[in-house]
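To be precise, the following lines are query.csv, and they hold CSV, C-alpha atoms.
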chain,number,residue,atom,x,y,z
H,1,MET,CA,220.7,-74.7,253.4
H,2,LYS,CA,223.7,-72.5,253.1
H,3,SER,CA,224.1,-69.8,250.4
H,4,ASN,CA,227.1,-69.9,248.0
H,5,HIS,CA,227.2,-66.1,247.7
H,6,THR,CA,229.6,-65.4,250.5
H,7,ASN,CA,232.6,-64.2,248.3
H,8,GLN,CA,230.7,-61.6,246.2
H,9,GLU,CA,232.3,-58.2,245.9
H,10,PRO,CA,230.2,-55.3,247.1
H,11,VAL,CA,228.5,-53.4,244.3
H,12,SER,CA,229.4,-49.7,244.1
H,13,PHE,CA,226.7,-47.2,243.5
H,14,ASN,CA,227.2,-45.2,240.3
H,15,GLY,CA,224.8,-42.3,240.1
H,16,ALA,CA,226.1,-41.0,236.8
H,17,ALA,CA,225.5,-44.3,235.1
H,18,ILE,CA,221.9,-44.3,236.4
H,19,VAL,CA,221.2,-40.8,235.0
H,20,LEU,CA,222.9,-41.7,231.7
H,21,ALA,CA,220.8,-44.9,231.5
H,22,TRP,CA,217.6,-42.8,231.8
H,23,LEU,CA,218.8,-40.0,229.5
H,24,PHE,CA,219.7,-42.4,226.6
H,25,PRO,CA,219.1,-46.1,227.1
H,26,GLY,CA,222.3,-48.1,226.9
H,27,VAL,CA,224.7,-45.3,227.7
H,28,GLY,CA,224.7,-46.1,231.4
H,29,HIS,CA,226.1,-49.6,230.7
H,30,ILE,CA,228.6,-48.2,228.2
H,31,SER,CA,229.8,-45.7,230.8
H,32,ILE,CA,230.7,-48.5,233.3
H,33,GLY,CA,232.6,-50.4,230.6
H,34,GLN,CA,229.9,-52.8,229.4
H,35,LYS,CA,230.1,-51.6,225.8
H,36,ARG,CA,228.5,-54.6,224.1
H,37,ARG,CA,225.6,-54.8,226.5
H,38,GLY,CA,225.0,-51.1,226.2
H,39,LEU,CA,224.9,-51.2,222.4
H,40,LEU,CA,222.5,-54.1,222.5
H,41,ILE,CA,220.3,-52.3,224.9
H,42,MET,CA,220.4,-49.1,222.9
H,43,SER,CA,219.5,-50.8,219.6
H,44,GLY,CA,216.6,-52.7,221.2
H,45,MET,CA,215.2,-49.7,222.9
H,46,LEU,CA,215.5,-47.4,219.9
H,47,PHE,CA,213.9,-50.1,217.7
H,48,LEU,CA,210.9,-50.4,220.1
H,49,VAL,CA,210.4,-46.6,220.3
H,50,LEU,CA,210.8,-46.1,216.6
H,51,CYS,CA,208.4,-48.9,215.8
H,52,GLY,CA,205.9,-47.5,218.3
H,53,VAL,CA,206.1,-44.1,216.7
H,54,LEU,CA,205.9,-45.5,213.2
H,55,VAL,CA,203.0,-47.8,213.9
H,56,GLY,CA,201.0,-45.5,216.2
H,57,GLY,CA,202.0,-42.1,215.1
H,58,ILE,CA,203.5,-39.4,217.3
H,59,ASP,CA,200.2,-39.3,219.2
H,60,ALA,CA,201.0,-42.7,220.7
H,61,VAL,CA,202.8,-40.6,223.4
H,62,ASP,CA,200.3,-38.3,225.0
H,63,HIS,CA,200.6,-37.3,228.6
H,64,LYS,CA,197.3,-35.4,228.7
H,65,ASN,CA,195.0,-38.2,227.3
H,66,ASP,CA,197.0,-41.3,228.2
H,67,GLY,CA,198.5,-40.4,231.6
H,68,LEU,CA,198.9,-43.9,232.9
H,69,TRP,CA,200.6,-45.1,229.7
H,70,PHE,CA,202.8,-42.0,229.8
H,71,ILE,CA,204.1,-43.1,233.2
H,72,ALA,CA,205.4,-46.3,231.7
H,73,GLN,CA,206.7,-44.5,228.5
H,74,VAL,CA,208.6,-41.8,230.3
H,75,TRP,CA,211.1,-44.3,231.6
H,76,CYS,CA,212.6,-44.2,228.0
H,77,GLY,CA,213.8,-40.7,228.9
H,78,PRO,CA,214.0,-37.5,226.9
H,79,ILE,CA,213.3,-39.3,223.6
H,80,VAL,CA,209.7,-40.0,224.6
H,81,ILE,CA,209.3,-36.5,226.2
H,82,ALA,CA,210.4,-35.0,222.8
H,83,VAL,CA,207.8,-37.1,221.0
H,84,ASP,CA,205.2,-35.9,223.5
H,85,LEU,CA,206.2,-32.3,223.0
H,86,LEU,CA,205.9,-32.8,219.2
H,87,ASN,CA,202.4,-34.3,219.7
H,88,GLN,CA,201.3,-31.4,221.9
H,89,ALA,CA,202.7,-28.8,219.6
H,90,LEU,CA,201.7,-30.2,216.2
H,91,ILE,CA,198.7,-32.6,216.6
H,92,ALA,CA,196.8,-31.7,219.8
H,93,PRO,CA,195.9,-28.1,218.9
H,94,LEU,CA,194.4,-29.1,215.5
H,95,PRO,CA,190.6,-29.2,214.9
H,96,VAL,CA,189.1,-32.7,215.1
H,97,ASP,CA,188.6,-33.1,211.3
H,98,GLU,CA,192.2,-32.3,210.6
H,99,LYS,CA,193.5,-34.4,213.5
H,100,ALA,CA,191.6,-37.5,212.3
H,101,THR,CA,193.8,-37.6,209.1
H,102,LEU,CA,197.1,-37.3,211.1
H,103,VAL,CA,196.7,-39.6,214.1
H,104,GLY,CA,196.8,-43.4,214.4
H,105,LEU,CA,193.3,-44.7,214.9
H,106,SER,CA,192.0,-47.5,217.1
H,107,HIS,CA,194.1,-50.6,217.6
H,108,VAL,CA,197.0,-49.2,215.5
H,109,ASN,CA,197.5,-46.3,217.9
H,110,GLU,CA,197.1,-48.7,220.8
H,111,MET,CA,199.9,-50.9,219.5
H,112,GLY,CA,202.2,-48.0,219.1
H,113,THR,CA,201.4,-46.9,222.6
H,114,LEU,CA,202.1,-50.4,223.9
H,115,PHE,CA,205.4,-50.7,222.1
H,116,ILE,CA,206.7,-47.4,223.6
H,117,ALA,CA,205.3,-48.4,227.1
H,118,MET,CA,207.1,-51.7,226.9
H,119,ALA,CA,210.3,-49.9,225.9
H,120,GLY,CA,209.9,-47.7,229.0
H,121,LEU,CA,209.3,-50.6,231.3
H,122,MET,CA,212.3,-52.4,229.8
H,123,ASN,CA,214.4,-49.4,230.4
H,124,PHE,CA,213.3,-49.3,234.1
H,125,VAL,CA,214.6,-52.8,234.5
H,126,ILE,CA,217.8,-51.9,232.6
H,127,ILE,CA,218.3,-49.0,235.1
H,128,LEU,CA,217.9,-51.5,237.9
H,129,ASP,CA,220.5,-53.6,236.2
H,130,VAL,CA,223.0,-50.7,235.9
H,131,ILE,CA,222.6,-50.1,239.6
H,132,GLN,CA,223.9,-53.6,240.5
H,133,ALA,CA,226.3,-54.1,237.5
H,134,LYS,CA,230.0,-54.5,238.1
H,135,LYS,CA,232.2,-52.1,236.3
H,136,GLY,CA,233.8,-53.6,233.2
H,137,ASP,CA,231.9,-57.0,233.5
H,138,ASP,CA,230.8,-57.3,229.9
H,139,PHE,CA,229.5,-60.3,227.9
H,140,GLU,CA,232.7,-60.4,225.7
H,141,LEU,CA,235.0,-60.7,228.7
H,142,ARG,CA,233.0,-63.4,230.4
H,143,SER,CA,232.7,-65.5,227.3
H,144,GLY,CA,236.4,-65.2,226.5
H,145,SER,CA,237.4,-66.2,230.0
H,146,LYS,CA,235.2,-69.3,229.8
H,147,GLU,CA,236.9,-70.3,226.6
H,148,ARG,CA,240.3,-69.8,228.1
H,149,ARG,CA,239.4,-72.0,231.1
H,150,ALA,CA,238.1,-74.7,228.8
H,151,GLN,CA,241.5,-74.7,226.9
H,152,GLN,CA,243.5,-75.1,230.1
Serialized structure, structure tokens:
Amino acid sequence: MKSNHTNQEPVSFNGAAIVLAWLFPGVGHISIGQKRRGLLIMSGMLFLVLCGVLVGGIDAVDHKNDGLWFIAQVWCGPIVIAVDLLNQALIAPLPVDEKATLVGLSHVNEMGTLFIAMAGLMNFVIILDVIQAKKGDDFELRSGSKERRAQQ
């Protein structure tokens, strides 16, 4: 069976877009001209990270005690690293009795950790998407061109 993918344009490698996608999710797509997709990515990722921190507390990101989870979470970029630094500076050095009143406990903390880890894994996939994305090929342009073809 023959493939119908013979007339595809080669995808150019854009290192700056990849770095921007890790630094702040969504900005990589905006930098290659996919503004709508980038804004949707940005809002979704920020929503997941913010909900994770609100539900689980800032100790939902902890590279010392939850190393495997942190590997998934760090794909969100410097946002998660900043939350981890806040956790290590404000919460971790406290005595256990004070810490117990400030941290998310049990399943609530786990849900926050999971939200942020899912955001990180989603951003990993988004970074893979920005690697193969065509410059300027946005949802708005594709949907508009389909409507124009239908009118002709």
Self-check item: Length of the CA of Asp129 (chain H) to CA of Arg37 (chain H) vector [Å]
Solution: 11.0 Å
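Take CA of Asn87 (chain H) and CA of Val103 (chain H): the distance between them is 9.6 Å.
Between CA of Gly56 (chain H) and CA of Ser43 (chain H) the interatomic distance comes to 19.5 Å.
Look at Gln34 (chain H): the protein and nucleic acid residues within 7 Å of it, using only C-alpha atoms and passing over chain neighbours fewer than 4 places away, are His29, Ile30, Gly38, Gly136, Asp137 and Asp138 of chain H.
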Practice problem: Considering all atoms listed in the file, return as number ranges by chain whatever protein or nucleic-acid residues lie within 6 Å of Ala117 (chain H), sequence-local ones (same chain, fewer than 3 positions apart) excluded. | Solution: H: 72-73, 114, 120
Exercise. Please provide as JSON, numbers by chain all residues within 12 Å of His63 (chain H), with the sequence filter that same-chain residues fewer than 2 positions apart are discarded (counting only C-alpha atoms).
Key: {"H": [58, 59, 60, 61, 65, 66, 67, 68, 69, 70, 71, 72, 73, 74, 80, 81, 82, 83, 84, 85, 86, 87, 88, 92, 113]}
Using all atoms listed in the file, determine which residues lie at most 9 Å from Val49 (chain H), disregarding the query and same-chain residues fewer than 5 positions distant; provide the list as a short mmCIF file (atom, residue, chain, number, x, y, z; two decimals) with C-alpha atoms, keeping the file's coordinate frame.
data_model
loop_
_atom_site.label_atom_id
_atom_site.label_comp_id
_atom_site.auth_asym_id
_atom_site.auth_seq_id
_atom_site.Cartn_x
_atom_site.Cartn_y
_atom_site.Cartn_z
CA GLY H 44 216.60 -52.70 221.20
CA LEU H 54 205.90 -45.50 213.20
CA CYS H 76 212.60 -44.20 228.00
CA ILE H 79 213.30 -39.30 223.60
CA VAL H 80 209.70 -40.00 224.60
CA GLY H 112 202.20 -48.00 219.10
CA PHE H 115 205.40 -50.70 222.10
CA ILE H 116 206.70 -47.40 223.60
CA ALA H 117 205.30 -48.40 227.10
CA MET H 118 207.10 -51.70 226.90
CA ALA H 119 210.30 -49.90 225.90
CA GLY H 120 209.90 -47.70 229.00
#
Would you kindly return, as an mmCIF file with C-alpha atoms, keeping the file's coordinate frame, each protein, DNA or RNA residue with an atom no farther than 9 Å from any atom of region 23-25 of chain H, considering all atoms listed in the file and excluding same-chain residues fewer than 5 positions away?
data_model
loop_
_atom_site.group_PDB
_atom_site.id
_atom_site.type_symbol
_atom_site.label_atom_id
_atom_site.label_comp_id
_atom_site.auth_asym_id
_atom_site.auth_seq_id
_atom_site.Cartn_x
_atom_site.Cartn_y
_atom_site.Cartn_z
ATOM 1 C CA ILE H 18 221.900 -44.300 236.400
ATOM 2 C CA GLY H 38 225.000 -51.100 226.200
ATOM 3 C CA ILE H 41 220.300 -52.300 224.900
ATOM 4 C CA MET H 42 220.400 -49.100 222.900
ATOM 5 C CA SER H 43 219.500 -50.800 219.600
ATOM 6 C CA MET H 45 215.200 -49.700 222.900
ATOM 7 C CA LEU H 46 215.500 -47.400 219.900
ATOM 8 C CA CYS H 76 212.600 -44.200 228.000
ATOM 9 C CA GLY H 77 213.800 -40.700 228.900
ATOM 10 C CA PRO H 78 214.000 -37.500 226.900
ATOM 11 C CA ILE H 79 213.300 -39.300 223.600
ATOM 12 C CA ASN H 123 214.400 -49.400 230.400
ATOM 13 C CA ILE H 126 217.800 -51.900 232.600
ATOM 14 C CA ILE H 127 218.300 -49.000 235.100
#
May I have the centre and edge lengths, in Å to one decimal, of an axis-aligned box around the listed atoms of region 82-94 of chain H with 4 Å added to every side, as lines of an AutoDock Vina configuration file?
center_x = 202.4
center_y = -32.6
center_z = 219.5
size_x = 24.0
size_y = 17.0
size_z = 16.0
Self-check item: Nearest to Val125 (chain H) by atom-to-atom distance, counting only C-alpha atoms, from H:Phe47, H:Leu20, H:Trp75, H:Leu39
Solution: H:Trp75
Counting all atoms listed in the file, which residues come within 12 Å of (224.6, -44.1, 238.9), with the point read in the file's coordinates, and could you list them as an mmCIF file with C-alpha atoms, in the coordinates of the input?
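Output saved as result-v6.cif:
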data_model
loop_
_atom_site.group_PDB
_atom_site.id
_atom_site.type_symbol
_atom_site.label_atom_id
_atom_site.label_comp_id
_atom_site.auth_asym_id
_atom_site.auth_seq_id
_atom_site.Cartn_x
_atom_site.Cartn_y
_atom_site.Cartn_z
ATOM 1 C CA VAL H 11 228.500 -53.400 244.300
ATOM 2 C CA SER H 12 229.400 -49.700 244.100
ATOM 3 C CA PHE H 13 226.700 -47.200 243.500
ATOM 4 C CA ASN H 14 227.200 -45.200 240.300
ATOM 5 C CA GLY H 15 224.800 -42.300 240.100
ATOM 6 C CA ALA H 16 226.100 -41.000 236.800
ATOM 7 C CA ALA H 17 225.500 -44.300 235.100
ATOM 8 C CA ILE H 18 221.900 -44.300 236.400
ATOM 9 C CA VAL H 19 221.200 -40.800 235.000
ATOM 10 C CA LEU H 20 222.900 -41.700 231.700
ATOM 11 C CA ALA H 21 220.800 -44.900 231.500
ATOM 12 C CA TRP H 22 217.600 -42.800 231.800
ATOM 13 C CA LEU H 23 218.800 -40.000 229.500
ATOM 14 C CA VAL H 27 224.700 -45.300 227.700
ATOM 15 C CA GLY H 28 224.700 -46.100 231.400
ATOM 16 C CA HIS H 29 226.100 -49.600 230.700
ATOM 17 C CA SER H 31 229.800 -45.700 230.800
ATOM 18 C CA ILE H 32 230.700 -48.500 233.300
ATOM 19 C CA ILE H 127 218.300 -49.000 235.100
ATOM 20 C CA LEU H 128 217.900 -51.500 237.900
ATOM 21 C CA ASP H 129 220.500 -53.600 236.200
ATOM 22 C CA VAL H 130 223.000 -50.700 235.900
ATOM 23 C CA ILE H 131 222.600 -50.100 239.600
ATOM 24 C CA GLN H 132 223.900 -53.600 240.500
ATOM 25 C CA ALA H 133 226.300 -54.100 237.500
ATOM 26 C CA LYS H 134 230.000 -54.500 238.100
ATOM 27 C CA LYS H 135 232.200 -52.100 236.300
#
Filled-in N, CA and C atoms of region 100-132 of chain H, supplied as an mmCIF file, keeping the file's coordinate frame:
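Contents of selection.cif, as written:
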data_model
loop_
_atom_site.group_PDB
_atom_site.id
_atom_site.type_symbol
_atom_site.label_atom_id
_atom_site.label_comp_id
_atom_site.auth_asym_id
_atom_site.auth_seq_id
_atom_site.Cartn_x
_atom_site.Cartn_y
_atom_site.Cartn_z
ATOM 1 N N ALA H 100 192.025 -36.108 212.645
ATOM 2 C CA ALA H 100 191.600 -37.500 212.300
ATOM 3 C C ALA H 100 192.491 -38.016 211.125
ATOM 4 N N THR H 101 192.995 -37.138 210.275
ATOM 5 C CA THR H 101 193.800 -37.600 209.100
ATOM 6 C C THR H 101 195.284 -37.768 209.528
ATOM 7 N N LEU H 102 195.695 -37.292 210.714
ATOM 8 C CA LEU H 102 197.100 -37.300 211.100
ATOM 9 C C LEU H 102 197.426 -38.300 212.225
ATOM 10 N N VAL H 103 196.439 -38.784 212.922
ATOM 11 C CA VAL H 103 196.700 -39.600 214.100
ATOM 12 C C VAL H 103 196.481 -41.104 213.738
ATOM 13 N N GLY H 104 197.117 -41.969 214.519
ATOM 14 C CA GLY H 104 196.800 -43.400 214.400
ATOM 15 C C GLY H 104 195.508 -43.685 215.055
ATOM 16 N N LEU H 105 194.694 -44.466 214.406
ATOM 17 C CA LEU H 105 193.300 -44.700 214.900
ATOM 18 C C LEU H 105 193.217 -46.111 215.502
ATOM 19 N N SER H 106 192.392 -46.228 216.500
ATOM 20 C CA SER H 106 192.000 -47.500 217.100
ATOM 21 C C SER H 106 193.129 -48.354 217.535
ATOM 22 N N HIS H 107 193.135 -49.590 217.091
ATOM 23 C CA HIS H 107 194.100 -50.600 217.600
ATOM 24 C C HIS H 107 195.531 -50.251 217.086
ATOM 25 N N VAL H 108 195.657 -49.590 215.978
ATOM 26 C CA VAL H 108 197.000 -49.200 215.500
ATOM 27 C C VAL H 108 197.661 -48.277 216.462
ATOM 28 N N ASN H 109 196.936 -47.283 216.918
ATOM 29 C CA ASN H 109 197.500 -46.300 217.900
ATOM 30 C C ASN H 109 197.784 -47.044 219.214
ATOM 31 N N GLU H 110 196.911 -47.966 219.602
ATOM 32 C CA GLU H 110 197.100 -48.700 220.800
ATOM 33 C C GLU H 110 198.386 -49.562 220.776
ATOM 34 N N MET H 111 198.653 -50.141 219.613
ATOM 35 C CA MET H 111 199.900 -50.900 219.500
ATOM 36 C C MET H 111 201.117 -50.074 219.582
ATOM 37 N N GLY H 112 201.087 -48.898 218.980
ATOM 38 C CA GLY H 112 202.200 -48.000 219.100
ATOM 39 C C GLY H 112 202.420 -47.546 220.544
ATOM 40 N N THR H 113 201.331 -47.256 221.236
ATOM 41 C CA THR H 113 201.400 -46.900 222.600
ATOM 42 C C THR H 113 201.998 -48.023 223.468
ATOM 43 N N LEU H 114 201.573 -49.243 223.178
ATOM 44 C CA LEU H 114 202.100 -50.400 223.900
ATOM 45 C C LEU H 114 203.554 -50.643 223.629
ATOM 46 N N PHE H 115 204.006 -50.503 222.385
ATOM 47 C CA PHE H 115 205.400 -50.700 222.100
ATOM 48 C C PHE H 115 206.278 -49.713 222.893
ATOM 49 N N ILE H 116 205.868 -48.451 222.932
ATOM 50 C CA ILE H 116 206.700 -47.400 223.600
ATOM 51 C C ILE H 116 206.593 -47.658 225.146
ATOM 52 N N ALA H 117 205.440 -48.086 225.653
ATOM 53 C CA ALA H 117 205.300 -48.400 227.100
ATOM 54 C C ALA H 117 206.201 -49.582 227.459
ATOM 55 N N MET H 118 206.237 -50.591 226.605
ATOM 56 C CA MET H 118 207.100 -51.700 226.900
ATOM 57 C C MET H 118 208.579 -51.328 226.865
ATOM 58 N N ALA H 119 208.939 -50.437 225.947
ATOM 59 C CA ALA H 119 210.300 -49.900 225.900
ATOM 60 C C ALA H 119 210.634 -49.202 227.221
ATOM 61 N N GLY H 120 209.684 -48.414 227.722
ATOM 62 C CA GLY H 120 209.900 -47.700 229.000
ATOM 63 C C GLY H 120 210.054 -48.627 230.160
ATOM 64 N N LEU H 121 209.212 -49.654 230.222
ATOM 65 C CA LEU H 121 209.300 -50.600 231.300
ATOM 66 C C LEU H 121 210.596 -51.429 231.242
ATOM 67 N N MET H 122 211.003 -51.742 230.013
ATOM 68 C CA MET H 122 212.300 -52.400 229.800
ATOM 69 C C MET H 122 213.436 -51.555 230.311
ATOM 70 N N ASN H 123 213.371 -50.268 230.000
ATOM 71 C CA ASN H 123 214.400 -49.400 230.400
ATOM 72 C C ASN H 123 214.457 -49.234 231.953
ATOM 73 N N PHE H 124 213.301 -49.317 232.600
ATOM 74 C CA PHE H 124 213.300 -49.300 234.100
ATOM 75 C C PHE H 124 214.065 -50.496 234.615
ATOM 76 N N VAL H 125 213.856 -51.662 234.036
ATOM 77 C CA VAL H 125 214.600 -52.800 234.500
ATOM 78 C C VAL H 125 216.087 -52.693 234.146
ATOM 79 N N ILE H 126 216.400 -52.088 233.022
ATOM 80 C CA ILE H 126 217.800 -51.900 232.600
ATOM 81 C C ILE H 126 218.463 -50.895 233.613
ATOM 82 N N ILE H 127 217.730 -49.881 234.074
ATOM 83 C CA ILE H 127 218.300 -49.000 235.100
ATOM 84 C C ILE H 127 218.556 -49.724 236.368
ATOM 85 N N LEU H 128 217.663 -50.633 236.755
ATOM 86 C CA LEU H 128 217.900 -51.500 237.900
ATOM 87 C C LEU H 128 219.156 -52.329 237.729
ATOM 88 N N ASP H 129 219.362 -52.801 236.491
ATOM 89 C CA ASP H 129 220.500 -53.600 236.200
ATOM 90 C C ASP H 129 221.820 -52.798 236.293
ATOM 91 N N VAL H 130 221.792 -51.563 235.818
ATOM 92 C CA VAL H 130 223.000 -50.700 235.900
ATOM 93 C C VAL H 130 223.349 -50.366 237.312
ATOM 94 N N ILE H 131 222.348 -50.366 238.204
ATOM 95 C CA ILE H 131 222.600 -50.100 239.600
ATOM 96 C C ILE H 131 223.481 -51.190 240.212
ATOM 97 N N GLN H 132 223.194 -52.447 239.880
ATOM 98 C CA GLN H 132 223.900 -53.600 240.500
ATOM 99 C C GLN H 132 225.039 -54.118 239.640
#
